[in-house]
Structures are given as structure tokens and as C-alpha cells.
Amino acid sequence: MPHKILSIETSCDETAAAVYESEKGLMSSVLFSQVEQHKKFGGVVPELASRSHIEKISTIVQDALKQANSTFESIDIVAVTNSPGLPGSLLVGLCFAKSIAWAKNKKLIGVNHVEGHIFSSFLEQNVPFPHLCLVASGGHTSLCLVKDFGKYEVIGKTLDDAAGEAFDKIAKLINLPYPGGPIIENLATEERFYDFFTYPRSNKKTLNFSFSGLKTAVLYDLVKRGHYDMKTKTFLNSKDTALQKKVASSLLVCIGDIFCEKIELALKPYPEVKAVTFAGGVACNKYLKQRISKICDNKNIPFFAPSPKFCTDNGAMIAFVAQYKAEQNKFSNLELDIFT
């Protein structure tokens with residue numbers, strides 16, 4: 001039966017909403033980013049994030065409905081991210097969604113944020129099953145075997161920091177502004193000047209990731225070379241763009257090596273894999289996409305990645321997951337809660 005979905009995403013520092021029709025596809029996708037609010041703090045401040053969601057959510061939802069030429073009355077289902085994420089941020093979206101569902105007597109669907117990323121490539125492309133999906137963002141890094149809609153297995157995950165978190169922390173270490181990922185990509189020359197790849201990390205024989213040691217490895221390397229003062233915790237060469245480029249380049253290549261190593265390792269025990277997808281905020285990085293795409297070319301399997309607008313947190317991916325959940329009759333009730 002045809003249905004129209006209003007989705008809401010507030011898991012971290014983006015307030016997003018979208019409208020999706022089962023027969024027509026995505027009708028609208030609206031997003032407000034809080035990057036400028038958090039930039040001066042060098043990262044997301046949870047209390048500020050939740051307050052901003054409260055201020056913006058009504059406007060963002062109304063804009064999504066307007067762009068889709070829809071109203072609350074024409075919506076059949078309200079979908080909302082309820083895990084994982086910042087508790088305060090998640091609660092704003094969940095309370096708003098549940099209020100609409102109760103007041104307008106609409107069906108409700110809770111959606112896992114990571115699952116949204118896993119299936120974000122389907123918003124624009126037809127990806128075959130089964131496939132591998134690497135999800136990498138500021139809060140998550142995982143490798144999944146995706147068997148069907150809603151059927152996936154996490155076969156590798158970060159044991160500590162996420163890849164995007166490593167970009168942000170190391171950018172801050174060398175006096176680059178937040179968010180660090182895009183700035184490091186712009187500075188990098190795709191050449192390794194320093195060998196950070198020898199840092200202590202997860203066993204090469206497992207599919208798990210570990211990025212916490214990477215920041216320490218970069219820090220110790222900078223101290224050894226006289227570029228960082230441990231006592232004052234100061235990068236001593238803040239105006240040395242050439243040095244920042246070398247660190248950024250080495251870091252980018254290093255993370256690319258790690259991603260490729262894990263994907264190649266995962267392809268061995270799963271010969272049935274028909275494609276590889278790369279999703280999440282880090283998937284905006286052109287160099288990393290090229291590295292993974294090259295592996296796929298060598299293995300003669302297709303590679304997929306969402307457009308940048310669907311890599312970062314967005315309501316469209318939440319709506320897509322809700323669409324197949326509705327088809328599977330997987331609805332939530334008003335007792336739906338958050339899980340962090």
C-alpha cells in the first residue's frame with residue numbers, strides 16, 4: 001500500500017527532515033548544520049547541540065513538508081532516529097516525532113542512525129546484495145556485511161575512536177580548525193611524508209579498527225621533531241603550512257591504508273560479496289573513495305558511495321530505511337525510547 005513518510009534526524013549536530021513517498025521516492029530533504037556554533041569549541045558541545053535542535057526542528061520540518069508540497073495531514077508515517085547518538089539531541093527529535101504521531105494519529109517508526117548510513121547509497125543507486133559497507137564518520141566506524149534490506153551483520157567495528165574523530169583530533173593537534181576532515185583533505189597531497197602507519201593498532205588479522213593510537217603516534221612524532229611542546233600542549237609551528245600539509249598528507253594516506261587493508265581482508269572470507277559501499281561523513285573524502293574504488297576495480301566488483309549531501313547526517317536516509325520497515329510492517333509504538 002502506498003505511503004508517505006516524514007523523517008526526522010537529530011542524532012548529533014545536524015537538524016534534518018525529509019519527505020519520502022513509496023511510489024515517487026524522495027520528495028524533499030532539508031538540513032541545518034550547527035558547525036559554526038561548535039567550531040570555536042573545537043568539537044560538538046552536547047548541550048549546545050540539543051538547544052539548537054529545539055530552536056530549529058519545527059522550522060526544518062515545516063520546510064521539508066513545504067518543499068514536498070505536503071502537510072501533516074497528508075503524511076502516513078513519522079520516522080525518527082532513536083539510536084545511537086547524543087542523548088539530548090536524540091530526545092529532541094524523538095519527542096517531536098512522537099508528538100506529531102500522537103496528535104495526528106500517524107504511525108511511528110524508530111530508525112537506527114547507522115542503519116540509515118548503511119543504506120544511504122540506495123537513495124541514488126541500485127546496489128546488489130550481498131555487499132560490504134564501510135561506514136565512517138565522526139562517531140562511527142564499522143564494516144558490515146549487508147544481506148538484504150534491514151538484514152546486515154557488523155563484522156568489524158572501531159574498538160575506540162572513530163575515523164572522523166581521528167581526523168578532528170589530529171587537526172586540532174596541528175592547530176587546524178574544526179571540523180578537521182575537510183581541511184585535512186584540502187591540505188593533503190596524497191603523499192606520505194611521515195610513517196604513522198606503524199602506530200599500535202588492532203590486529204591485522206581481525207576486521208576491527210583502532211584509531212586512538214593514531215593521535216598518540218602523530219603527537220610523539222611531532223614532539224620528536226621539535227614541533228610540539230608537551231608542557232604547554234602547543235603546536236609550535238602554527239604558521240608552517242608546509243608542515244601541516246605533510247602531517248595531513250601522511251595521515252590521509254595512513255587512514256586510506258587502514259580502510260583498504262580491512263576491506264581486502266573482509267573480501268577473503270566472503271566471496272559471495274557483489275559490491276562495496278562507502279558511507280558516512282568520511283565518505284565525502286575523494287581520496288579515500290578513490291583508494292577503495294581501486295580495490296574494487298582490481299577485484300572486478302562495483303563500488304558505490306552516496307553523494308556528499310547524503311554522506312553527512314540527513315533525513316533522507318532515515319526516510320529510506322523507514323520505507324522498507326513499513327513494507328515489512330515493523331512499526332514502533334509511543335513507548336519508543338532512545339538508545340545511545
# chains A, B, ... in the order shown; residues from 1 in each chain; ligands from 1
$ residues_around --residues "Asn105 in chain A" --least-positions-apart "2" --cutoff "12 Å" --atoms "only C-alpha atoms" --output "PyMOL selection string"
chain A and resi 72-78+97-103+107-108+333-334
$ write_last_selection --atoms "C-alpha atoms" --output "PDB file, in the first residue's frame"
ATOM      1  CA  PHE A  72       0.962  16.798   8.420  1.00  0.00           C
ATOM      2  CA  GLU A  73      -2.457  15.528   7.343  1.00  0.00           C
ATOM      3  CA  SER A  74      -1.055  14.013   4.127  1.00  0.00           C
ATOM      4  CA  ILE A  75       1.686  12.137   5.980  1.00  0.00           C
ATOM      5  CA  ASP A  76       1.061   8.460   6.785  1.00  0.00           C
ATOM      6  CA  ILE A  77       4.167   7.669   8.834  1.00  0.00           C
ATOM      7  CA  VAL A  78       6.544   9.634  11.059  1.00  0.00           C
ATOM      8  CA  ALA A  97       8.140  12.915  16.225  1.00  0.00           C
ATOM      9  CA  LYS A  98       6.067  11.204  18.911  1.00  0.00           C
ATOM     10  CA  SER A  99       4.064  14.383  19.444  1.00  0.00           C
ATOM     11  CA  ILE A 100       3.163  14.515  15.749  1.00  0.00           C
ATOM     12  CA  ALA A 101       2.337  10.802  15.664  1.00  0.00           C
ATOM     13  CA  TRP A 102       0.067  11.143  18.716  1.00  0.00           C
ATOM     14  CA  ALA A 103      -1.610  14.418  17.752  1.00  0.00           C
ATOM     15  CA  LYS A 107       2.148   5.515  12.505  1.00  0.00           C
ATOM     16  CA  LEU A 108       5.628   5.756  14.055  1.00  0.00           C
ATOM     17  CA  ASN A 333       4.631   2.470  19.421  1.00  0.00           C
ATOM     18  CA  LEU A 334       4.567   5.625  21.504  1.00  0.00           C
TER      19      LEU A 334
END
$ residues_around --residues "Ala64 in chain A" --least-positions-apart "2" --cutoff "12 Å" --atoms "only C-alpha atoms" --output "JSON, numbers by chain"
{"A": [5, 6, 7, 8, 15, 16, 17, 18, 19, 20, 26, 27, 28, 29, 30, 31, 32, 57, 58, 59, 60, 61, 62, 66, 67, 68, 69, 70, 71, 72, 75, 314, 315, 316]}
$ write_last_selection --atoms "N, CA and C atoms" --output "compact mmCIF listing (two decimals), in the first residue's frame"
# COMPACT_ATOMS: atom_id res chain seq x y z
N ILE A 5 6.12 9.30 4.01
CA ILE A 5 6.86 9.31 5.27
C ILE A 5 7.48 10.69 5.52
N LEU A 6 7.34 11.16 6.75
CA LEU A 6 8.08 12.33 7.23
C LEU A 6 9.15 11.80 8.17
N SER A 7 10.41 12.10 7.87
CA SER A 7 11.50 11.60 8.73
C SER A 7 12.19 12.76 9.44
N ILE A 8 12.70 12.45 10.63
CA ILE A 8 13.40 13.44 11.46
C ILE A 8 14.71 12.84 11.96
N THR A 15 20.25 19.20 12.34
CA THR A 15 18.80 19.07 12.42
C THR A 15 18.30 18.83 11.01
N ALA A 16 17.68 17.65 10.77
CA ALA A 16 17.31 17.29 9.41
C ALA A 16 15.92 16.68 9.35
N ALA A 17 15.28 16.88 8.21
CA ALA A 17 13.97 16.28 7.97
C ALA A 17 13.82 16.01 6.48
N ALA A 18 12.99 15.05 6.15
CA ALA A 18 12.77 14.70 4.74
C ALA A 18 11.37 14.13 4.57
N VAL A 19 10.90 14.16 3.34
CA VAL A 19 9.62 13.54 3.00
C VAL A 19 9.89 12.53 1.88
N TYR A 20 9.39 11.33 2.06
CA TYR A 20 9.64 10.24 1.11
C TYR A 20 8.32 9.55 0.79
N LEU A 26 12.21 10.12 -2.95
CA LEU A 26 12.49 11.28 -2.10
C LEU A 26 11.85 12.55 -2.67
N MET A 27 11.05 13.21 -1.84
CA MET A 27 10.36 14.43 -2.27
C MET A 27 11.03 15.70 -1.75
N SER A 28 11.70 15.60 -0.60
CA SER A 28 12.42 16.75 -0.05
C SER A 28 13.41 16.28 0.99
N SER A 29 14.43 17.09 1.20
CA SER A 29 15.44 16.80 2.23
C SER A 29 16.02 18.14 2.68
N VAL A 30 15.81 18.49 3.95
CA VAL A 30 16.23 19.78 4.49
C VAL A 30 17.15 19.55 5.69
N LEU A 31 18.19 20.36 5.79
CA LEU A 31 19.16 20.17 6.86
C LEU A 31 19.69 21.51 7.37
N PHE A 32 19.86 21.59 8.67
CA PHE A 32 20.54 22.73 9.29
C PHE A 32 21.76 22.20 10.04
N ILE A 57 14.06 22.66 14.98
CA ILE A 57 13.36 21.47 14.46
C ILE A 57 12.01 21.79 13.82
N SER A 58 11.25 22.66 14.42
CA SER A 58 9.93 22.98 13.86
C SER A 58 10.06 23.60 12.47
N THR A 59 10.99 24.54 12.33
CA THR A 59 11.20 25.21 11.04
C THR A 59 11.68 24.22 9.98
N ILE A 60 12.63 23.35 10.35
CA ILE A 60 13.18 22.38 9.40
C ILE A 60 12.09 21.41 8.92
N VAL A 61 11.27 20.93 9.83
CA VAL A 61 10.18 20.01 9.46
C VAL A 61 9.18 20.71 8.55
N GLN A 62 8.82 21.93 8.90
CA GLN A 62 7.88 22.67 8.06
C GLN A 62 8.44 22.92 6.67
N LYS A 66 6.86 21.69 3.16
CA LYS A 66 6.55 22.69 2.14
C LYS A 66 7.20 22.33 0.81
N GLN A 67 8.48 21.93 0.85
CA GLN A 67 9.19 21.59 -0.37
C GLN A 67 8.59 20.36 -1.06
N ALA A 68 7.98 19.49 -0.26
CA ALA A 68 7.35 18.28 -0.81
C ALA A 68 5.87 18.51 -1.12
N ASN A 69 5.44 19.78 -0.98
CA ASN A 69 4.03 20.12 -1.20
C ASN A 69 3.12 19.22 -0.38
N SER A 70 3.47 19.06 0.90
CA SER A 70 2.75 18.15 1.79
C SER A 70 2.34 18.87 3.07
N THR A 71 1.49 18.22 3.84
CA THR A 71 1.07 18.72 5.15
C THR A 71 1.14 17.57 6.13
N PHE A 72 1.00 17.86 7.43
CA PHE A 72 0.96 16.80 8.42
C PHE A 72 -0.18 15.82 8.13
N ILE A 75 0.65 13.09 5.58
CA ILE A 75 1.69 12.14 5.98
C ILE A 75 1.04 10.88 6.58
N ASN A 314 21.55 13.08 7.59
CA ASN A 314 20.46 13.65 6.81
C ASN A 314 19.16 12.89 7.05
N GLY A 315 18.05 13.52 6.76
CA GLY A 315 16.76 12.89 6.96
C GLY A 315 16.39 11.91 5.87
N ALA A 316 16.97 12.08 4.68
CA ALA A 316 16.62 11.22 3.54
C ALA A 316 16.95 9.75 3.82
$ residues_around --residues "Ala322 in chain A" --least-positions-apart "4" --cutoff "8 Å" --atoms "only C-alpha atoms" --output "list in words"
Ile5, Ala79, Ile109, Gly110, Val111, Ile318 and Ala326 of chain A
$ write_last_selection --atoms "C-alpha atoms" --output "PDB file, in the first residue's frame"
ATOM      1  CA  ILE A   5       6.861   9.312   5.266  1.00  0.00           C
ATOM      2  CA  ALA A  79      10.065   8.191  11.205  1.00  0.00           C
ATOM      3  CA  ILE A 109       8.926   4.104  13.111  1.00  0.00           C
ATOM      4  CA  GLY A 110      12.187   4.327  15.056  1.00  0.00           C
ATOM      5  CA  VAL A 111      15.328   4.114  12.919  1.00  0.00           C
ATOM      6  CA  ILE A 318      16.249   7.792   7.716  1.00  0.00           C
ATOM      7  CA  ALA A 326       6.940  -0.027   6.718  1.00  0.00           C
TER       8      ALA A 326
END
$ atom_distance --atom1 "CA of Ala162 in chain A" --atom2 "CA of Gln34 in chain A"
20.0 Å
$ closest_residue --among "A:Ala188, A:Gly139, A:Cys144, A:Arg291" --to "Leu267 in chain A" --atoms "only C-alpha atoms"
A:Cys144
$ atom_distance --atom1 "CA of Pro182 in chain A" --atom2 "CA of Ala248 in chain A"
10.6 Å
$ residues_around --residues "Asn186 in chain A" --least-positions-apart "2" --cutoff "10 Å" --atoms "only C-alpha atoms" --output "NGL selection string"
:A and (181-184 or 188-189 or 245 or 248-249 or 285)
$ select_by_dssp --residues "range 111-207 of chain A" --states "alpha helix (DSSP H)" --output "list in words"
His113, Val114, Glu115, Gly116, His117, Ile118, Ala163, Gly164, Glu165, Ala166, Phe167, Asp168, Lys169, Ile170, Ala171, Lys172, Leu173, Gly180, Gly181, Pro182, Ile183, Ile184, Glu185, Asn186 and Leu187 of chain A
$ write_last_selection --atoms "C-alpha atoms" --output "CSV table (one decimal), in the first residue's frame"
chain,number,residue,atom,x,y,z
A,113,HIS,CA,21.2,6.1,12.6
A,114,VAL,CA,24.0,3.8,11.4
A,115,GLU,CA,21.4,1.7,9.5
A,116,GLY,CA,20.5,4.9,7.7
A,117,HIS,CA,24.1,5.4,6.6
A,118,ILE,CA,24.4,1.7,5.6
A,163,ALA,CA,38.0,7.6,11.8
A,164,GLY,CA,36.3,11.0,11.7
A,165,GLU,CA,37.2,11.6,15.3
A,166,ALA,CA,40.8,10.9,14.5
A,167,PHE,CA,40.7,13.5,11.7
A,168,ASP,CA,39.3,16.1,14.1
A,169,LYS,CA,41.7,15.3,17.0
A,170,ILE,CA,44.8,15.4,14.9
A,171,ALA,CA,43.6,18.6,13.1
A,172,LYS,CA,43.3,20.2,16.5
A,173,LEU,CA,46.8,19.0,17.4
A,180,GLY,CA,39.2,18.7,10.7
A,181,GLY,CA,38.3,16.2,8.0
A,182,PRO,CA,37.6,18.5,5.1
A,183,ILE,CA,40.5,20.8,5.9
A,184,ILE,CA,42.9,17.9,6.1
A,185,GLU,CA,41.6,16.7,2.7
A,186,ASN,CA,42.2,20.1,1.2
A,187,LEU,CA,45.8,20.3,2.6
$ residues_around --residues "Ala283 in chain A" --least-positions-apart "2" --cutoff "8 Å" --atoms "only C-alpha atoms" --output "PyMOL selection string"
chain A and resi 135-137+278-281+285-286+288-289+305-306+308+311
